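Below is structure20.pdb, which holds PDB, C-alpha atoms and all ligand atoms.
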```pdb
MODEL        1
ATOM      1  CA  MET A   1     -14.191   0.642   8.470  1.00  0.00           C
ATOM      2  CA  ALA A   2     -16.890   2.712  10.082  1.00  0.00           C
ATOM      3  CA  LYS A   3     -16.312   5.693   7.814  1.00  0.00           C
ATOM      4  CA  ILE A   4     -17.071   3.884   4.560  1.00  0.00           C
ATOM      5  CA  SER A   5     -20.705   2.910   4.017  1.00  0.00           C
ATOM      6  CA  SER A   6     -21.687  -0.437   2.525  1.00  0.00           C
ATOM      7  CA  GLU A   7     -23.064   1.378  -0.549  1.00  0.00           C
ATOM      8  CA  GLU A   8     -19.685   2.995  -1.059  1.00  0.00           C
ATOM      9  CA  LEU A   9     -17.920  -0.344  -0.596  1.00  0.00           C
ATOM     10  CA  LEU A  10     -20.203  -1.940  -3.200  1.00  0.00           C
ATOM     11  CA  ALA A  11     -19.463   0.833  -5.664  1.00  0.00           C
ATOM     12  CA  LEU A  12     -15.743   0.430  -5.020  1.00  0.00           C
ATOM     13  CA  TYR A  13     -16.053  -3.335  -5.434  1.00  0.00           C
ATOM     14  CA  SER A  14     -17.673  -2.967  -8.855  1.00  0.00           C
ATOM     15  CA  TYR A  15     -14.633  -0.962  -9.870  1.00  0.00           C
ATOM     16  CA  PHE A  16     -11.744  -2.803  -8.217  1.00  0.00           C
ATOM     17  CA  GLY A  17     -13.129  -6.342  -7.814  1.00  0.00           C
ATOM     18  CA  GLU A  18     -11.614  -8.963  -5.547  1.00  0.00           C
ATOM     19  CA  PRO A  19      -8.528  -6.961  -4.482  1.00  0.00           C
ATOM     20  CA  LEU A  20     -10.920  -4.637  -2.627  1.00  0.00           C
ATOM     21  CA  ASN A  21     -12.163  -7.476  -0.387  1.00  0.00           C
ATOM     22  CA  GLU A  22      -8.591  -8.517   0.300  1.00  0.00           C
ATOM     23  CA  ALA A  23      -7.655  -4.921   1.059  1.00  0.00           C
ATOM     24  CA  THR A  24     -10.363  -4.660   3.729  1.00  0.00           C
ATOM     25  CA  GLU A  25      -9.011  -7.898   5.243  1.00  0.00           C
ATOM     26  CA  ILE A  26      -5.537  -6.352   5.410  1.00  0.00           C
ATOM     27  CA  LEU A  27      -6.995  -3.359   7.241  1.00  0.00           C
ATOM     28  CA  GLU A  28      -8.663  -5.656   9.766  1.00  0.00           C
ATOM     29  CA  LYS A  29      -5.605  -7.824  10.321  1.00  0.00           C
ATOM     30  CA  CYS A  30      -2.641  -5.505  10.382  1.00  0.00           C
ATOM     31  CA  LYS A  31      -1.500  -1.970  10.844  1.00  0.00           C
ATOM     32  CA  ILE A  32      -0.356   0.182   8.004  1.00  0.00           C
ATOM     33  CA  THR A  33       2.353   2.605   8.991  1.00  0.00           C
ATOM     34  CA  GLN A  34       2.789   5.945   7.301  1.00  0.00           C
ATOM     35  CA  TYR A  35       6.383   7.110   7.486  1.00  0.00           C
ATOM     36  CA  SER A  36       6.937  10.778   6.800  1.00  0.00           C
ATOM     37  CA  THR A  37       9.805  13.168   7.043  1.00  0.00           C
ATOM     38  CA  GLY A  38       9.114  15.986   9.494  1.00  0.00           C
ATOM     39  CA  ASP A  39       8.275  18.418   6.688  1.00  0.00           C
ATOM     40  CA  PHE A  40       5.968  15.832   4.995  1.00  0.00           C
ATOM     41  CA  CYS A  41       7.951  16.209   1.755  1.00  0.00           C
ATOM     42  CA  ARG A  42       8.356  12.452   1.601  1.00  0.00           C
ATOM     43  CA  GLN A  43       5.854   9.824   2.596  1.00  0.00           C
ATOM     44  CA  ILE A  44       5.808   6.091   2.300  1.00  0.00           C
ATOM     45  CA  PHE A  45       3.352   3.482   3.550  1.00  0.00           C
ATOM     46  CA  ASP A  46       4.516   0.247   5.074  1.00  0.00           C
ATOM     47  CA  ILE A  47       2.365  -2.876   5.236  1.00  0.00           C
ATOM     48  CA  SER A  48       3.764  -5.809   7.160  1.00  0.00           C
ATOM     49  CA  ILE A  49       1.848  -9.072   6.933  1.00  0.00           C
ATOM     50  CA  SER A  50       3.576 -11.806   8.933  1.00  0.00           C
ATOM     51  CA  GLU A  51       6.843 -12.370   7.028  1.00  0.00           C
ATOM     52  CA  GLU A  52       5.971 -10.176   4.072  1.00  0.00           C
ATOM     53  CA  GLN A  53       6.576  -6.470   3.864  1.00  0.00           C
ATOM     54  CA  TYR A  54       5.335  -4.056   1.218  1.00  0.00           C
ATOM     55  CA  ALA A  55       6.248  -0.433   0.724  1.00  0.00           C
ATOM     56  CA  ILE A  56       3.708   1.692  -1.108  1.00  0.00           C
ATOM     57  CA  PHE A  57       4.749   5.120  -2.326  1.00  0.00           C
ATOM     58  CA  GLU A  58       2.532   8.173  -1.979  1.00  0.00           C
ATOM     59  CA  ASN A  59       0.298   8.596  -5.056  1.00  0.00           C
ATOM     60  CA  ILE A  60       2.129   5.964  -7.094  1.00  0.00           C
ATOM     61  CA  ASN A  61       0.186   2.933  -8.253  1.00  0.00           C
ATOM     62  CA  PHE A  62       2.912   0.359  -7.818  1.00  0.00           C
ATOM     63  CA  CYS A  63       3.605  -2.625  -5.610  1.00  0.00           C
ATOM     64  CA  HIS A  64       6.267  -5.307  -5.843  1.00  0.00           C
ATOM     65  CA  CYS A  65       3.859  -8.190  -5.114  1.00  0.00           C
ATOM     66  CA  LYS A  66       3.288 -11.070  -7.537  1.00  0.00           C
ATOM     67  CA  PHE A  67      -0.353 -10.109  -8.119  1.00  0.00           C
ATOM     68  CA  PHE A  68       0.638  -6.628  -9.285  1.00  0.00           C
ATOM     69  CA  GLU A  69       3.232  -8.070 -11.645  1.00  0.00           C
ATOM     70  CA  ASP A  70       0.843 -10.681 -13.087  1.00  0.00           C
ATOM     71  CA  LYS A  71      -2.601  -9.044 -13.122  1.00  0.00           C
ATOM     72  CA  VAL A  72      -1.887  -5.312 -13.275  1.00  0.00           C
ATOM     73  CA  LEU A  73       1.275  -5.095 -15.363  1.00  0.00           C
ATOM     74  CA  GLY A  74       0.985  -8.417 -17.205  1.00  0.00           C
ATOM     75  CA  GLU A  75      -2.605  -9.398 -18.019  1.00  0.00           C
ATOM     76  CA  LYS A  76      -3.908  -5.875 -17.292  1.00  0.00           C
ATOM     77  CA  THR A  77      -7.063  -7.418 -15.812  1.00  0.00           C
ATOM     78  CA  CYS A  78      -6.907  -5.410 -12.569  1.00  0.00           C
ATOM     79  CA  ILE A  79      -6.305  -1.735 -11.861  1.00  0.00           C
ATOM     80  CA  THR A  80      -4.228  -2.305  -8.763  1.00  0.00           C
ATOM     81  CA  CYS A  81      -3.461  -4.790  -5.981  1.00  0.00           C
ATOM     82  CA  LYS A  82      -4.819  -5.232  -2.463  1.00  0.00           C
ATOM     83  CA  HIS A  83      -1.790  -3.518  -0.896  1.00  0.00           C
ATOM     84  CA  VAL A  84      -2.203  -0.252  -2.816  1.00  0.00           C
ATOM     85  CA  LEU A  85      -5.967  -0.342  -2.174  1.00  0.00           C
ATOM     86  CA  ALA A  86      -5.429  -1.015   1.539  1.00  0.00           C
ATOM     87  CA  VAL A  87      -3.285   2.130   1.753  1.00  0.00           C
ATOM     88  CA  TYR A  88      -5.993   4.213   0.049  1.00  0.00           C
ATOM     89  CA  LEU A  89      -8.651   2.795   2.386  1.00  0.00           C
ATOM     90  CA  ALA A  90      -6.448   3.415   5.421  1.00  0.00           C
ATOM     91  CA  LYS A  91      -5.904   7.013   4.311  1.00  0.00           C
ATOM     92  CA  ALA A  92      -9.651   7.477   3.755  1.00  0.00           C
ATOM     93  CA  THR A  93     -10.575   6.054   7.157  1.00  0.00           C
ATOM     94  CA  GLY A  94      -7.638   7.437   9.104  1.00  0.00           C
ATOM     95  CA  GLU A  95      -6.653   3.933  10.224  1.00  0.00           C
ATOM     96  CA  LEU A  96      -2.969   4.633   9.907  1.00  0.00           C
ATOM     97  CA  LYS A  97      -0.153   4.511  12.361  1.00  0.00           C
ATOM     98  CA  LYS A  98       1.896   7.639  11.699  1.00  0.00           C
ATOM     99  CA  GLU A  99       5.605   7.910  12.327  1.00  0.00           C
ATOM    100  CA  THR A 100       7.999  10.709  11.586  1.00  0.00           C
ATOM    101  CA  LEU A 101      11.497   9.856  10.420  1.00  0.00           C
ATOM    102  CA  ASP A 102      14.619  11.974  10.019  1.00  0.00           C
ATOM    103  CA  HIS A 103      15.720  12.421   6.403  1.00  0.00           C
ATOM    104  CA  ASP A 104      18.707  10.125   7.056  1.00  0.00           C
ATOM    105  CA  VAL A 105      16.564   7.330   8.469  1.00  0.00           C
ATOM    106  CA  PHE A 106      14.027   7.794   5.677  1.00  0.00           C
ATOM    107  CA  GLN A 107      16.830   7.442   3.145  1.00  0.00           C
ATOM    108  CA  GLN A 108      18.020   4.256   4.841  1.00  0.00           C
ATOM    109  CA  TYR A 109      14.493   2.885   4.625  1.00  0.00           C
ATOM    110  CA  LEU A 110      14.360   3.696   0.882  1.00  0.00           C
ATOM    111  CA  ASN A 111      17.743   2.067   0.336  1.00  0.00           C
ATOM    112  CA  ALA A 112      16.515  -1.057   2.090  1.00  0.00           C
ATOM    113  CA  GLN A 113      13.530  -1.085  -0.299  1.00  0.00           C
ATOM    114  CA  LEU A 114      15.865  -0.792  -3.279  1.00  0.00           C
ATOM    115  CA  GLY A 115      17.631  -3.880  -1.981  1.00  0.00           C
ATOM    116  CA  ALA A 116      14.347  -5.735  -2.347  1.00  0.00           C
ATOM    117  CA  TYR A 117      14.202  -4.707  -6.018  1.00  0.00           C
ATOM    118  CA  SER A 118      17.823  -5.560  -6.738  1.00  0.00           C
ATOM    119  CA  ASN A 119      16.879  -8.748  -8.566  1.00  0.00           C
ATOM    120  CA  ILE A 120      14.856  -6.741 -11.101  1.00  0.00           C
ATOM    121  CA  ASN A 121      16.766  -5.640 -14.177  1.00  0.00           C
ATOM    122  CA  MET A 122      16.233  -1.946 -14.762  1.00  0.00           C
TER     123      MET A 122
HETATM  124 ZN    ZN B 201       0.621  -5.596  -3.857  1.00  0.00          ZN
ENDMDL
END
```

Mind converting the file's structure to structure tokens?
Amino acid sequence: MAKISSEELLALYSYFGEPLNEATEILEKCKITQYSTGDFCRQIFDISISEEQYAIFENINFCHCKFFEDKVLGEKTCITCKHVLAVYLAKATGELKKETLDHDVFQQYLNAQLGAYSNINM
């Protein structure tokens, strides 16, 4: 986190609250992988924390975690969750593992994500 000063972190904390602290912990503990197609038309960010896996879409404030459902969508007491914030911090600091995927493989990855949402009625 060398590229973000403590003043900047404090300012961010006043805005995002506790999820910001948790996001910095994610950055310390695990790697965030940025999957892109070769032409960079499609990008997705993958966070794997032990058994849990979260896919964060480029420039979309959404996560399928419980916190996001309860605090962001439900109570509306937070702007976003630690996973989305961790991706933004990783992008800002360059602490991302970058992988390029073929369109076919990228599509398979997206389909696998849809499987995770299949219990949500849309
Ligand atoms: Zn989340």

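The residues returned by the PyMOL selection byres (((chain A and resi 21) around 12) and not hetatm) on the shown structure are A:Leu9, A:Leu10, A:Leu12, A:Tyr13, A:Ser14, A:Tyr15, A:Phe16, A:Gly17, A:Glu18, A:Pro19, A:Leu20, A:Glu22, A:Ala23, A:Thr24, A:Glu25, A:Ile26, A:Leu27, A:Glu28, A:Cys81, A:Lys82, A:His83, A:Leu85, A:Ala86, A:Leu89.
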
Chain A near ligand ZN 201 (chain B) within 10 Å: what's each residue's closest atom pair and its distance in Å to one decimal, counting all atoms listed in the file, ordered by chain then ascending residue number, as JSON lines?
```
{"residue": "A:Pro19", "atom": "CA", "partner": "B:ZN201", "partner_atom": "ZN", "distance": 9.3}
{"residue": "A:Ala23", "atom": "CA", "partner": "B:ZN201", "partner_atom": "ZN", "distance": 9.6}
{"residue": "A:Ile47", "atom": "CA", "partner": "B:ZN201", "partner_atom": "ZN", "distance": 9.7}
{"residue": "A:Gln53", "atom": "CA", "partner": "B:ZN201", "partner_atom": "ZN", "distance": 9.8}
{"residue": "A:Tyr54", "atom": "CA", "partner": "B:ZN201", "partner_atom": "ZN", "distance": 7.1}
{"residue": "A:Ala55", "atom": "CA", "partner": "B:ZN201", "partner_atom": "ZN", "distance": 8.9}
{"residue": "A:Ile56", "atom": "CA", "partner": "B:ZN201", "partner_atom": "ZN", "distance": 8.4}
{"residue": "A:Asn61", "atom": "CA", "partner": "B:ZN201", "partner_atom": "ZN", "distance": 9.6}
{"residue": "A:Phe62", "atom": "CA", "partner": "B:ZN201", "partner_atom": "ZN", "distance": 7.5}
{"residue": "A:Cys63", "atom": "CA", "partner": "B:ZN201", "partner_atom": "ZN", "distance": 4.6}
{"residue": "A:His64", "atom": "CA", "partner": "B:ZN201", "partner_atom": "ZN", "distance": 6.0}
{"residue": "A:Cys65", "atom": "CA", "partner": "B:ZN201", "partner_atom": "ZN", "distance": 4.3}
{"residue": "A:Lys66", "atom": "CA", "partner": "B:ZN201", "partner_atom": "ZN", "distance": 7.1}
{"residue": "A:Phe67", "atom": "CA", "partner": "B:ZN201", "partner_atom": "ZN", "distance": 6.3}
{"residue": "A:Phe68", "atom": "CA", "partner": "B:ZN201", "partner_atom": "ZN", "distance": 5.5}
{"residue": "A:Glu69", "atom": "CA", "partner": "B:ZN201", "partner_atom": "ZN", "distance": 8.6}
{"residue": "A:Val72", "atom": "CA", "partner": "B:ZN201", "partner_atom": "ZN", "distance": 9.8}
{"residue": "A:Thr80", "atom": "CA", "partner": "B:ZN201", "partner_atom": "ZN", "distance": 7.6}
{"residue": "A:Cys81", "atom": "CA", "partner": "B:ZN201", "partner_atom": "ZN", "distance": 4.7}
{"residue": "A:Lys82", "atom": "CA", "partner": "B:ZN201", "partner_atom": "ZN", "distance": 5.6}
{"residue": "A:His83", "atom": "CA", "partner": "B:ZN201", "partner_atom": "ZN", "distance": 4.3}
{"residue": "A:Val84", "atom": "CA", "partner": "B:ZN201", "partner_atom": "ZN", "distance": 6.1}
{"residue": "A:Leu85", "atom": "CA", "partner": "B:ZN201", "partner_atom": "ZN", "distance": 8.6}
{"residue": "A:Ala86", "atom": "CA", "partner": "B:ZN201", "partner_atom": "ZN", "distance": 9.3}
```

Requested in this report: Determine the nearest neighbour of Lys91 in chain A from the options A:Leu73, A:Ile32, A:Ile79, A:Ala11, counting all atoms listed in the file.
Outcome: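 Closest residue, counting all atoms listed in the file: A:Ile32.
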
Requested in this report: Enter the distance from CA of Ile4 in chain A to CA of Val87 in chain A, in Å, rounded to one decimal.
Outcome: 14.2 Å

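Considering only C-alpha atoms, the residue among A:Ser6, A:Lys71, A:Lys76, A:Asp46 positioned nearest to Gln113 in chain A is A:Asp46.
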